[in-house]
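K.L.:
For reference, this is coords-v9.cif, and it has mmCIF, C-alpha atoms and all ligand atoms.
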```cif
data_input
#
loop_
_atom_site.label_atom_id
_atom_site.label_comp_id
_atom_site.auth_asym_id
_atom_site.auth_seq_id
_atom_site.Cartn_x
_atom_site.Cartn_y
_atom_site.Cartn_z
CA MET A 589 -1.90 21.69 -25.34
CA THR A 590 -3.23 18.18 -24.98
CA TYR A 591 -2.55 16.42 -21.74
CA THR A 592 -0.91 13.04 -21.64
CA ILE A 593 -0.57 10.83 -18.59
CA GLU A 594 3.10 11.75 -18.58
CA SER A 595 2.47 15.47 -18.46
CA ALA A 596 -0.29 14.96 -15.88
CA GLN A 597 2.17 13.18 -13.60
CA ARG A 598 4.03 16.47 -13.29
CA ILE A 599 1.23 18.61 -11.87
CA PHE A 600 2.07 20.23 -8.52
CA PRO A 601 5.75 19.35 -8.88
CA SER A 602 6.82 20.68 -5.48
CA THR A 603 4.93 17.90 -3.67
CA GLN A 604 7.45 16.12 -1.43
CA ILE A 605 6.77 12.41 -1.37
CA ALA A 606 8.11 10.01 1.27
CA SER A 607 11.16 8.91 -0.70
CA ALA A 608 12.48 7.32 2.52
CA VAL A 609 10.07 4.48 1.73
CA PRO A 610 11.55 3.31 -1.60
CA ASP A 611 15.06 4.07 -0.30
CA THR A 612 14.59 1.91 2.77
CA THR A 613 12.89 -0.84 0.75
CA GLU A 614 15.88 -0.90 -1.59
CA ALA A 615 18.35 -1.08 1.29
CA PHE A 616 16.27 -3.91 2.77
CA ASN A 617 16.36 -5.83 -0.53
CA ARG A 618 20.15 -5.71 -0.57
CA LEU A 619 20.39 -7.61 2.75
CA SER A 620 20.89 -11.36 2.99
CA VAL A 621 17.71 -13.38 3.29
CA GLU A 622 18.56 -14.41 6.86
CA ASP A 623 18.97 -10.76 7.80
CA GLN A 624 15.73 -9.84 6.01
CA LEU A 625 13.66 -12.36 7.94
CA ALA A 626 15.29 -11.49 11.26
CA LEU A 627 14.92 -7.75 10.64
CA LEU A 628 11.23 -8.14 9.80
CA TRP A 629 10.73 -10.11 12.98
CA TYR A 630 12.42 -7.46 15.15
CA ALA A 631 10.67 -4.62 13.36
CA TYR A 632 7.29 -6.30 13.53
CA THR A 633 7.50 -7.32 17.17
CA GLU A 634 9.03 -4.04 18.32
CA LEU A 635 6.77 -1.76 16.34
CA GLY A 636 3.92 -4.07 17.29
CA ARG A 637 4.05 -2.69 20.79
CA SER A 638 2.88 0.66 19.53
CA ILE A 639 1.13 -0.28 16.27
CA THR A 640 -0.53 -3.68 15.94
CA PRO A 641 -2.48 -4.71 12.87
CA ALA A 642 -6.05 -5.90 13.29
CA ALA A 643 -6.45 -9.64 12.81
CA PRO A 644 -7.45 -10.40 9.22
CA GLY A 645 -10.93 -11.88 8.91
CA ALA A 646 -11.39 -15.63 8.64
CA ALA A 647 -12.52 -15.27 5.01
CA ARG A 648 -9.23 -13.71 4.00
CA LEU A 649 -7.16 -16.25 5.91
CA GLN A 650 -9.04 -19.01 4.10
CA LEU A 651 -7.37 -17.99 0.85
CA ALA A 652 -3.97 -18.72 2.42
CA GLU A 653 -5.13 -21.68 4.51
CA GLY A 654 -3.75 -24.35 2.18
CA ILE A 655 -0.14 -23.26 2.40
CA LEU A 656 -0.43 -22.23 6.07
CA ASN A 657 -1.54 -25.77 6.94
CA GLN A 658 1.30 -27.28 4.94
CA ILE A 659 3.81 -25.10 6.77
CA LYS A 660 2.33 -25.92 10.19
CA GLN A 661 2.91 -29.61 9.56
CA MET A 662 6.55 -29.26 8.54
CA PRO A 663 9.53 -29.92 10.80
CA ALA A 664 11.11 -26.70 12.08
CA ALA A 665 14.06 -26.68 9.68
CA GLN A 666 11.74 -26.99 6.69
CA GLN A 667 9.55 -24.15 7.98
CA THR A 668 12.59 -21.90 8.12
CA GLN A 669 13.57 -23.04 4.62
CA THR A 670 10.08 -22.25 3.28
CA MET A 671 10.18 -18.70 4.66
CA SER A 672 13.65 -18.24 3.25
CA ASP A 673 12.49 -19.54 -0.19
CA LEU A 674 9.62 -17.05 -0.14
CA ALA A 675 11.91 -14.15 0.71
CA SER A 676 14.50 -15.14 -1.91
CA ARG A 677 11.82 -15.79 -4.57
CA ILE A 678 12.88 -19.41 -5.17
CA ASP A 679 10.59 -21.41 -7.45
CA THR A 680 8.63 -23.81 -5.19
CA PRO A 681 4.91 -24.72 -5.22
CA ILE A 682 4.37 -22.65 -2.06
CA SER A 683 6.25 -19.66 -3.52
CA ARG A 684 4.06 -19.90 -6.63
CA SER A 685 0.82 -19.99 -4.65
CA TYR A 686 1.97 -17.03 -2.58
CA ALA A 687 2.80 -14.93 -5.65
CA GLY A 688 -0.79 -15.36 -6.84
CA PHE A 689 -2.27 -13.83 -3.69
CA SER A 690 -3.47 -10.24 -3.47
CA VAL A 691 -1.44 -7.87 -1.29
CA ASN A 692 -3.95 -8.19 1.51
CA THR A 693 -3.86 -11.98 1.42
CA LYS A 694 -0.05 -11.88 1.48
CA LEU A 695 -0.23 -9.69 4.58
CA ALA A 696 -2.80 -12.00 6.17
CA PHE A 697 -0.52 -14.98 5.49
CA TRP A 698 2.44 -13.33 7.27
CA TYR A 699 0.22 -12.08 10.05
CA GLU A 700 -0.84 -15.66 10.76
CA LEU A 701 2.70 -16.99 10.45
CA GLY A 702 3.88 -14.29 12.87
CA GLU A 703 1.18 -15.35 15.35
CA MET A 704 2.27 -18.97 15.02
CA MET A 705 5.91 -17.97 15.54
CA LYS A 706 4.94 -16.09 18.71
CA LYS A 707 3.05 -19.13 19.99
CA GLY A 708 5.86 -21.51 19.08
CA PHE A 709 3.97 -23.47 16.38
CA VAL A 710 6.29 -22.25 13.65
CA ALA A 711 10.08 -22.05 13.89
CA PRO A 712 11.14 -18.65 15.28
CA ILE A 713 14.18 -16.66 14.21
CA PRO A 714 17.09 -18.68 15.73
CA PRO A 715 17.68 -17.34 19.26
CA GLY A 716 20.97 -15.48 19.38
CA TYR A 717 20.95 -14.75 15.63
CA GLN A 718 23.13 -11.68 15.10
CA ILE A 719 21.98 -9.37 12.33
CA SER A 720 24.70 -7.67 10.29
CA ASP A 721 25.66 -4.02 10.72
CA ASP A 722 23.88 -3.18 7.46
CA ALA A 723 20.70 -4.81 8.73
CA THR A 724 21.00 -2.91 12.01
CA THR A 725 21.24 0.33 10.02
CA VAL A 726 18.09 -0.51 8.04
CA LEU A 727 16.25 -1.45 11.23
CA GLU A 728 17.25 1.84 12.88
CA THR A 729 16.09 3.75 9.80
CA ILE A 730 12.72 2.01 9.91
CA LYS A 731 12.31 2.83 13.59
CA LYS A 732 12.78 6.54 12.86
CA LEU A 733 10.16 6.71 10.09
CA ASP A 734 6.70 7.94 10.91
CA PRO A 735 4.13 5.16 11.43
CA GLY A 736 2.49 5.60 8.01
CA GLN A 737 5.87 5.16 6.33
CA GLN A 738 6.82 2.23 8.57
CA ILE A 739 3.77 0.20 7.61
CA THR A 740 4.34 1.02 3.94
CA VAL A 741 7.89 -0.36 4.14
CA LEU A 742 6.59 -3.52 5.86
CA ARG A 743 3.93 -3.91 3.20
CA ASN A 744 6.48 -3.46 0.40
CA THR A 745 8.72 -6.23 1.70
CA VAL A 746 5.83 -8.70 1.65
CA LEU A 747 4.63 -7.64 -1.81
CA ASP A 748 7.66 -8.89 -3.71
CA MET A 749 8.11 -12.24 -2.00
CA GLY A 750 7.21 -15.55 -3.67
CA PHE A 751 7.85 -16.76 -7.18
CA ASP A 752 5.81 -15.44 -10.08
CA PRO A 753 6.36 -17.50 -13.26
CA ALA A 754 4.74 -14.83 -15.46
CA VAL A 755 7.11 -12.73 -17.54
CA THR A 756 5.33 -9.50 -16.79
CA PRO A 757 4.08 -8.99 -13.25
CA SER A 758 0.65 -10.60 -13.16
CA SER A 759 -2.14 -8.13 -12.56
CA PHE A 760 -4.77 -8.67 -9.92
CA PRO A 761 -5.85 -12.03 -8.51
CA LYS A 762 -8.96 -13.36 -10.17
CA ALA A 763 -10.49 -14.80 -6.98
CA ALA A 764 -13.12 -12.60 -5.34
CA GLU A 765 -11.64 -10.69 -2.44
CA PRO A 766 -13.41 -10.87 0.90
CA LEU A 767 -14.58 -7.53 2.26
CA PHE A 768 -12.69 -5.69 4.95
CA ALA A 769 -14.82 -4.86 7.93
CA ARG A 770 -14.46 -1.17 8.70
CA SER A 771 -13.03 -0.53 12.14
CA THR A 772 -14.34 3.02 12.24
CA PRO A 773 -17.16 4.26 10.04
CA ALA A 774 -15.81 6.44 7.26
CA PRO A 775 -17.25 9.91 6.72
CA THR A 776 -19.81 9.75 3.91
CA LYS A 777 -19.90 13.53 3.60
CA VAL A 778 -16.55 15.23 3.28
CA ALA A 779 -15.65 18.90 3.40
CA VAL A 780 -12.37 20.08 1.98
CA GLU A 781 -11.23 23.58 2.84
CA GLY A 782 -10.65 25.39 -0.44
CA VAL A 783 -12.26 22.85 -2.81
CA THR A 784 -15.92 22.23 -3.65
CA GLU A 785 -15.58 20.50 -7.05
CA PRO A 786 -18.39 17.88 -7.18
CA THR A 787 -16.27 15.25 -8.98
CA VAL A 788 -13.62 15.41 -6.28
CA MET A 789 -16.14 15.32 -3.43
CA SER A 790 -17.96 12.40 -5.06
CA TYR A 791 -14.66 10.54 -5.42
CA PHE A 792 -13.99 10.65 -1.66
CA GLU A 793 -17.58 9.83 -0.77
CA ALA A 794 -17.67 6.84 -3.11
CA MET A 795 -14.33 5.51 -1.86
CA ASN A 796 -15.40 5.85 1.77
CA ALA A 797 -18.48 3.79 0.96
CA ASP A 798 -16.42 1.13 -0.93
CA ASN A 799 -18.60 2.04 -3.93
CA PHE A 800 -15.92 1.49 -6.57
CA GLU A 801 -18.39 1.44 -9.42
CA ALA A 802 -19.40 5.01 -8.58
CA ALA A 803 -15.77 6.03 -8.11
CA VAL A 804 -14.68 4.59 -11.46
CA ALA A 805 -17.58 6.27 -13.25
CA LEU A 806 -15.98 9.61 -12.32
CA PHE A 807 -12.93 8.82 -14.46
CA ALA A 808 -12.58 9.63 -18.15
CA GLU A 809 -12.65 6.51 -20.37
CA ASN A 810 -8.85 6.51 -20.65
CA GLY A 811 -8.34 8.12 -17.24
CA ALA A 812 -5.59 6.96 -14.90
CA LEU A 813 -4.98 6.43 -11.20
CA GLN A 814 -1.43 6.42 -9.87
CA PRO A 815 -1.04 4.74 -6.44
CA PRO A 816 1.87 5.73 -4.17
CA PHE A 817 5.26 4.68 -5.66
CA GLN A 818 3.57 2.91 -8.58
CA LYS A 819 2.95 3.38 -12.27
CA PRO A 820 -0.41 4.75 -13.39
CA ILE A 821 -3.27 2.27 -13.83
CA VAL A 822 -5.18 3.19 -16.98
CA GLY A 823 -8.81 2.72 -17.96
CA HIS A 824 -12.05 1.90 -16.14
CA GLU A 825 -11.64 -1.86 -16.05
CA ALA A 826 -8.10 -1.85 -14.68
CA ILE A 827 -8.87 0.84 -12.10
CA ALA A 828 -11.96 -1.05 -10.92
CA ALA A 829 -9.99 -4.30 -10.52
CA TYR A 830 -7.27 -2.47 -8.62
CA MET A 831 -9.73 -0.78 -6.29
CA ARG A 832 -11.59 -4.01 -5.53
CA ALA A 833 -8.30 -5.68 -4.62
CA GLU A 834 -6.58 -2.87 -2.75
CA ALA A 835 -8.83 0.00 -1.79
CA GLN A 836 -11.39 -1.68 0.43
CA GLY A 837 -12.09 -0.31 3.87
CA LEU A 838 -9.88 2.74 3.48
CA ASN A 839 -10.92 5.74 5.47
CA MET A 840 -10.17 8.93 3.54
CA MET A 841 -10.09 12.19 5.44
CA PRO A 842 -9.16 14.93 2.99
CA GLN A 843 -8.67 18.22 4.79
CA GLN A 844 -7.57 21.08 2.58
CA GLY A 845 -6.77 21.86 -1.01
CA ILE A 846 -6.34 24.25 -3.88
CA SER A 847 -7.96 24.33 -7.27
CA GLU A 848 -6.99 26.05 -10.46
CA GLY A 849 -8.36 26.27 -13.98
CA ILE A 850 -5.64 25.61 -16.54
CA GLU A 851 -5.42 25.24 -20.31
CA ASP A 852 -8.15 23.80 -22.55
CA GLY A 853 -10.79 23.91 -19.83
CA TYR A 854 -8.90 21.42 -17.71
CA LYS A 855 -8.76 21.95 -13.95
CA GLN A 856 -6.20 20.78 -11.42
CA PHE A 857 -6.63 20.16 -7.72
CA LYS A 858 -4.27 19.25 -4.96
CA ILE A 859 -5.83 17.98 -1.78
CA THR A 860 -4.05 16.87 1.37
CA GLY A 861 -5.30 14.95 4.36
CA LYS A 862 -5.12 11.65 6.21
CA VAL A 863 -5.88 8.07 5.23
CA GLN A 864 -6.39 5.06 7.51
CA THR A 865 -5.93 1.48 6.34
CA PRO A 866 -8.28 -1.16 7.75
CA TRP A 867 -5.17 -3.06 8.96
CA PHE A 868 -4.37 -0.42 11.56
CA GLY A 869 -7.52 1.69 11.83
CA ALA A 870 -7.22 4.91 13.80
CA ASN A 871 -3.82 3.85 15.19
CA VAL A 872 -1.99 4.88 12.03
CA LEU A 873 -2.81 8.03 10.12
CA MET A 874 -1.02 8.34 6.79
CA ASN A 875 -0.25 11.84 5.49
CA MET A 876 -1.44 11.85 1.89
CA ALA A 877 -1.98 14.07 -1.12
CA TRP A 878 -4.26 13.58 -4.09
CA ARG A 879 -3.29 15.45 -7.26
CA PHE A 880 -6.29 15.51 -9.62
CA LEU A 881 -6.44 16.63 -13.24
CA LEU A 882 -10.03 16.95 -14.49
CA ASP A 883 -10.89 17.23 -18.18
CA ARG A 884 -13.36 19.61 -19.84
CA GLU A 885 -16.26 17.33 -18.95
CA GLY A 886 -15.24 17.33 -15.30
CA LYS A 887 -14.08 13.70 -15.52
CA ILE A 888 -10.90 12.53 -13.82
CA PHE A 889 -8.18 12.36 -16.47
CA PHE A 890 -5.53 11.63 -13.88
CA VAL A 891 -5.17 11.34 -10.13
CA ALA A 892 -1.93 10.64 -8.28
CA ILE A 893 -2.06 9.45 -4.69
CA ASP A 894 1.11 10.34 -2.80
CA LEU A 895 2.42 9.36 0.61
CA LEU A 896 3.86 12.63 1.90
CA ALA A 897 7.36 13.09 3.29
CA SER A 898 6.18 14.77 6.50
CA PRO A 899 3.12 16.28 8.17
CA LYS A 900 4.52 19.67 7.15
CA GLU A 901 3.76 18.69 3.54
CA LEU A 902 0.05 18.71 4.34
CA LEU A 903 0.28 22.50 4.13
CA ASN A 904 2.27 22.63 0.90
CA LEU A 905 -0.53 23.83 -1.35
CA THR A 906 1.42 25.78 -3.90
CA ARG A 907 1.26 25.21 -7.64
CA ARG A 908 4.97 24.93 -8.33
O1 LIG B 1 9.20 -12.26 6.65
O2 LIG B 1 -7.49 7.41 -3.16
C1 LIG B 1 7.17 -11.79 10.24
C2 LIG B 1 -5.37 3.81 -3.10
C3 LIG B 1 8.64 -12.28 10.17
C4 LIG B 1 -6.70 3.97 -3.89
C5 LIG B 1 6.70 -11.13 8.96
C6 LIG B 1 -5.29 4.79 -1.94
C7 LIG B 1 9.08 -12.85 8.92
C8 LIG B 1 -7.03 5.36 -4.22
C9 LIG B 1 7.13 -10.83 11.39
C10 LIG B 1 6.25 -12.95 10.57
C11 LIG B 1 -5.36 2.34 -2.64
C12 LIG B 1 -4.18 4.05 -4.00
C13 LIG B 1 7.40 -11.28 7.77
C14 LIG B 1 -6.05 5.96 -1.96
C15 LIG B 1 8.61 -12.12 7.70
C16 LIG B 1 -6.89 6.31 -3.08
C17 LIG B 1 5.38 -10.44 9.00
C18 LIG B 1 -4.23 4.62 -0.90
C19 LIG B 1 6.99 -10.63 6.51
C20 LIG B 1 -5.98 6.94 -0.85
C21 LIG B 1 5.13 -9.12 8.79
C22 LIG B 1 -4.17 3.67 0.05
C23 LIG B 1 3.78 -8.55 8.84
C24 LIG B 1 -3.03 3.47 0.94
C25 LIG B 1 2.64 -9.39 9.34
C26 LIG B 1 -1.95 4.47 0.99
C27 LIG B 1 3.58 -7.28 8.40
C28 LIG B 1 -2.98 2.32 1.68
C29 LIG B 1 2.30 -6.61 8.29
C30 LIG B 1 -1.88 1.88 2.49
C31 LIG B 1 2.18 -5.38 7.71
C32 LIG B 1 -1.93 0.73 3.24
C33 LIG B 1 0.92 -4.69 7.37
C34 LIG B 1 -0.81 0.19 4.01
C35 LIG B 1 1.00 -3.54 6.63
C36 LIG B 1 -0.99 -0.98 4.72
C37 LIG B 1 -0.37 -5.29 7.77
C38 LIG B 1 0.49 0.88 3.98
C39 LIG B 1 -0.12 -2.83 6.07
C40 LIG B 1 0.05 -1.66 5.42
#
```
In structure tokens, write the structure found in this file.
P.N.:
Amino acid sequence: MTYTIESAQRIFPSTQIASAVPDTTEAFNRLSVEDQLALLWYAYTELGRSITPAAPGAARLQLAEGILNQIKQMPAAQQTQTMSDLASRIDTPISRSYAGFSVNTKLAFWYELGEMMKKGFVAPIPPGYQISDDATTVLETIKKLDPGQQITVLRNTVLDMGFDPAVTPSSFPKAAEPLFARSTPAPTKVAVEGVTEPTVMSYFEAMNADNFEAAVALFAENGALQPPFQKPIVGHEAIAAYMRAEAQGLNMMPQQGISEGIEDGYKQFKITGKVQTPWFGANVLMNMAWRFLLDREGKIFFVAIDLLASPKELLNLTRR
């Protein structure tokens, strides 16, 4: 048998991913724009009491400075309109600039806007605004998710805002991304109970050092990386661009795994553990799995990164 990316996606099929995340994101997207903005405000300020993101560095805010300054100078009604245009993906110059930002710059933009709303420099959600029953249901669902899933839902909502004139979703921003300062030093030597495969160990060590060149070199030429809830990213160049834009400052703490030789000299590995994002540091631990398929040369043909449904899934290390 020859493996294709499609067949590789099906390794370790019993892995339970956090489907509550896409489900909740979908329910959120069906709400009115007014409800969406109000819900995000309540979610962000309420969850913020237990989980607060770290302030984005000045370098990252600089990328969004132009539109942030424009918004600051607007009258209140226009500020509200601008936020509503972003959330409803209306074609405006600001919505176009926003769509060109990387995920992390989009988050930094909203972080700053949220700060300005708290301080009263930007129009708040109208006092007394009543969210609909549907919005209340979505908010309650979000509150019950585990913190790793909550921040993924928040991140998803921000991802799709703005207006992108390209027919196909544009890939990664061309501008160089500023580095994320690590809040806690990542382990440079990892030990995974049940797995010693050098390629896998080197992957984690390279990622924890933000050494994406070394990480990408572990992939087969046409190898693929599938991020949580996304399509596979194929080939060295695309994986490298993705990692530079989205994988900086991550702290990977793989804990346990299983390995198995399969057909044609290929080997498969499932490893579970925790990941921290630099936005929340040690305050939010995401329960993750990596499903690796290595080729005969020991190169990564495929790796899927999954956000797990529950901590119980960390122990689901069966093949089927
Ligand atoms: O609209 O092995 C207001 C890969 C109201 C790489 C607001 C990985 C109005 C390979 C409150 C102002 C990357 C795949 C909005 C591993 C309004 C690999 C603001 C995995 C929007 C392991 C809201 C990495 C705000 C993973 C400010 C899984 C919200 C990374 C802020 C996951 C939300 C990272 C923030 C996650 C969310 C980060 C900062 C989930 C950040 C989430």
K.L.:
Considering only C-alpha atoms and all ligand atoms, tabulate each residue of chain A that lies at most 6 Å from ligand LIG 1 (chain B) along with its nearest interatomic pair and the corresponding distance in Å to one decimal; arrange the rows by chain and ascending residue number and present them as a tab-separated table.
P.N.:
```
residue	atom	partner	partner_atom	distance
A:Leu625	CA	B:LIG1	O1	4.6
A:Leu628	CA	B:LIG1	C3	4.9
A:Trp629	CA	B:LIG1	C9	4.0
A:Tyr632	CA	B:LIG1	C9	5.0
A:Pro641	CA	B:LIG1	C37	5.5
A:Leu695	CA	B:LIG1	C37	5.4
A:Trp698	CA	B:LIG1	C25	4.5
A:Tyr699	CA	B:LIG1	C25	3.7
A:Leu701	CA	B:LIG1	C10	5.4
A:Gly702	CA	B:LIG1	C10	3.6
A:Ile739	CA	B:LIG1	C40	4.7
A:Thr740	CA	B:LIG1	C38	3.9
A:Leu742	CA	B:LIG1	C31	5.1
A:Arg743	CA	B:LIG1	C35	4.5
A:Val746	CA	B:LIG1	C19	5.4
A:Pro815	CA	B:LIG1	C12	4.0
A:Glu834	CA	B:LIG1	C11	5.4
A:Ala835	CA	B:LIG1	C11	4.3
A:Thr865	CA	B:LIG1	C32	5.1
A:Trp867	CA	B:LIG1	C37	5.4
A:Ile893	CA	B:LIG1	C12	5.8
```
K.L.:
Would you mind listing what lies within 12 Å of Glu634 in chain A as a list in words, with all atoms listed in the file counted and same-chain residues fewer than 4 positions away left out?
P.N.:
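These residues fall inside the cut-off: Leu627, Leu628, Trp629, Tyr630, Ser638, Ile639, Thr640, Leu727, Glu728, Ile730, Lys731 and Gln738 of chain A.
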K.L.:
Show which residues sit within 6 Å of range 852-863 of chain A, as a PyMOL selection string. Count all atoms listed in the file, and ignore same-chain residues fewer than 3 positions away.
P.N.:
chain A and resi 839-849+873-884+902
K.L.:
Between CA of Ala797 in chain A and CA of Ala769 in chain A, what is the spacing in Å?
P.N.:
11.7 Å
K.L.:
Neighbours of Gln818 in chain A within 12 Å (only C-alpha atoms; same-chain residues fewer than 6 positions away dropped), as a list in words?
P.N.:
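My reading of the contact set: Gln597, Pro610, Asn744, Ala812, Ala892, Ile893, Asp894 and Leu895 of chain A.
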K.L.:
In terms of the shortest atom-to-atom distance over all atoms listed in the file, which of A:Gln624, A:Asn810, A:Ser685, A:Thr633 is closest to Ser720 in chain A?
P.N.:
A:Gln624
K.L.:
Could you please determine the separation between CA of Arg648 in chain A and CA of Asp798 in chain A in Å, to one decimal place?
P.N.:
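Atom-to-atom, CA of Arg648 in chain A and CA of Asp798 in chain A are spaced 17.2 Å apart.
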K.L.:
In Å, with one decimal, what is the gap from CA of Phe697 in chain A to CA of Pro816 in chain A?
P.N.:
23.0 Å
K.L.:
Counting all atoms listed in the file, what is within 8 Å of Ala664 in chain A, bar same-chain residues fewer than 4 positions away, as a ChimeraX atom specification?
P.N.:
/A:668,710-711
K.L.:
Give as JSON, numbers by chain the set of residues within 6 Å of the point (9.4, -23.4, -6.4), where distances use the file's coordinates and only C-alpha atoms.
P.N.:
{"A": [678, 679, 680, 681, 683]}
K.L.:
Report as a PyMOL selection string all protein, DNA and RNA residues lying within 10 Å of Ser602 in chain A, evaluated on only C-alpha atoms, omitting residues in the same chain fewer than 5 positions from it.
P.N.:
chain A and resi 901+904-908
K.L.:
Check the smallest atom-to-atom distance from each of A:Thr787, A:Gln836, A:Ser690, A:Asn871 to Glu885 in chain A using only C-alpha atoms, then report the winner.
P.N.:
A:Thr787
K.L.:
Using all atoms listed in the file for the distances, tell me which of A:Ala808, A:Ala596, A:Thr725, A:Pro714 is nearest to Ala626 in chain A.
P.N.:
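Ranked by minimum distance to Ala626 in chain A, first place goes to A:Pro714.
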K.L.:
Find the residues of range 670-738 of chain A that sit at most 10 Å from range 748-754 of chain A; for each, write down the nearest two atoms and how far apart they are in Å, to one decimal. Count all atoms listed in the file. Sort by chain, then by number going up, and give it as a Markdown table.
P.N.:
```
| residue | atom | partner | partner_atom | distance |
| --- | --- | --- | --- | --- |
| A:Met671 | CA | A:Gly750 | CA | 9.4 |
| A:Ser672 | CA | A:Met749 | CA | 9.7 |
| A:Asp673 | CA | A:Gly750 | CA | 7.5 |
| A:Leu674 | CA | A:Gly750 | CA | 4.5 |
| A:Ala675 | CA | A:Met749 | CA | 5.0 |
| A:Ser676 | CA | A:Met749 | CA | 7.0 |
| A:Arg677 | CA | A:Gly750 | CA | 4.7 |
| A:Ile678 | CA | A:Phe751 | CA | 6.0 |
| A:Asp679 | CA | A:Phe751 | CA | 5.4 |
| A:Thr680 | CA | A:Phe751 | CA | 7.4 |
| A:Pro681 | CA | A:Phe751 | CA | 8.7 |
| A:Ile682 | CA | A:Gly750 | CA | 7.8 |
| A:Ser683 | CA | A:Gly750 | CA | 4.2 |
| A:Arg684 | CA | A:Phe751 | CA | 5.0 |
| A:Ser685 | CA | A:Gly750 | CA | 7.8 |
| A:Tyr686 | CA | A:Gly750 | CA | 5.6 |
| A:Ala687 | CA | A:Gly750 | CA | 4.9 |
| A:Gly688 | CA | A:Asp752 | CA | 7.4 |
| A:Phe689 | CA | A:Gly750 | CA | 9.6 |
| A:Val691 | CA | A:Asp748 | CA | 9.5 |
| A:Lys694 | CA | A:Met749 | CA | 8.9 |
```
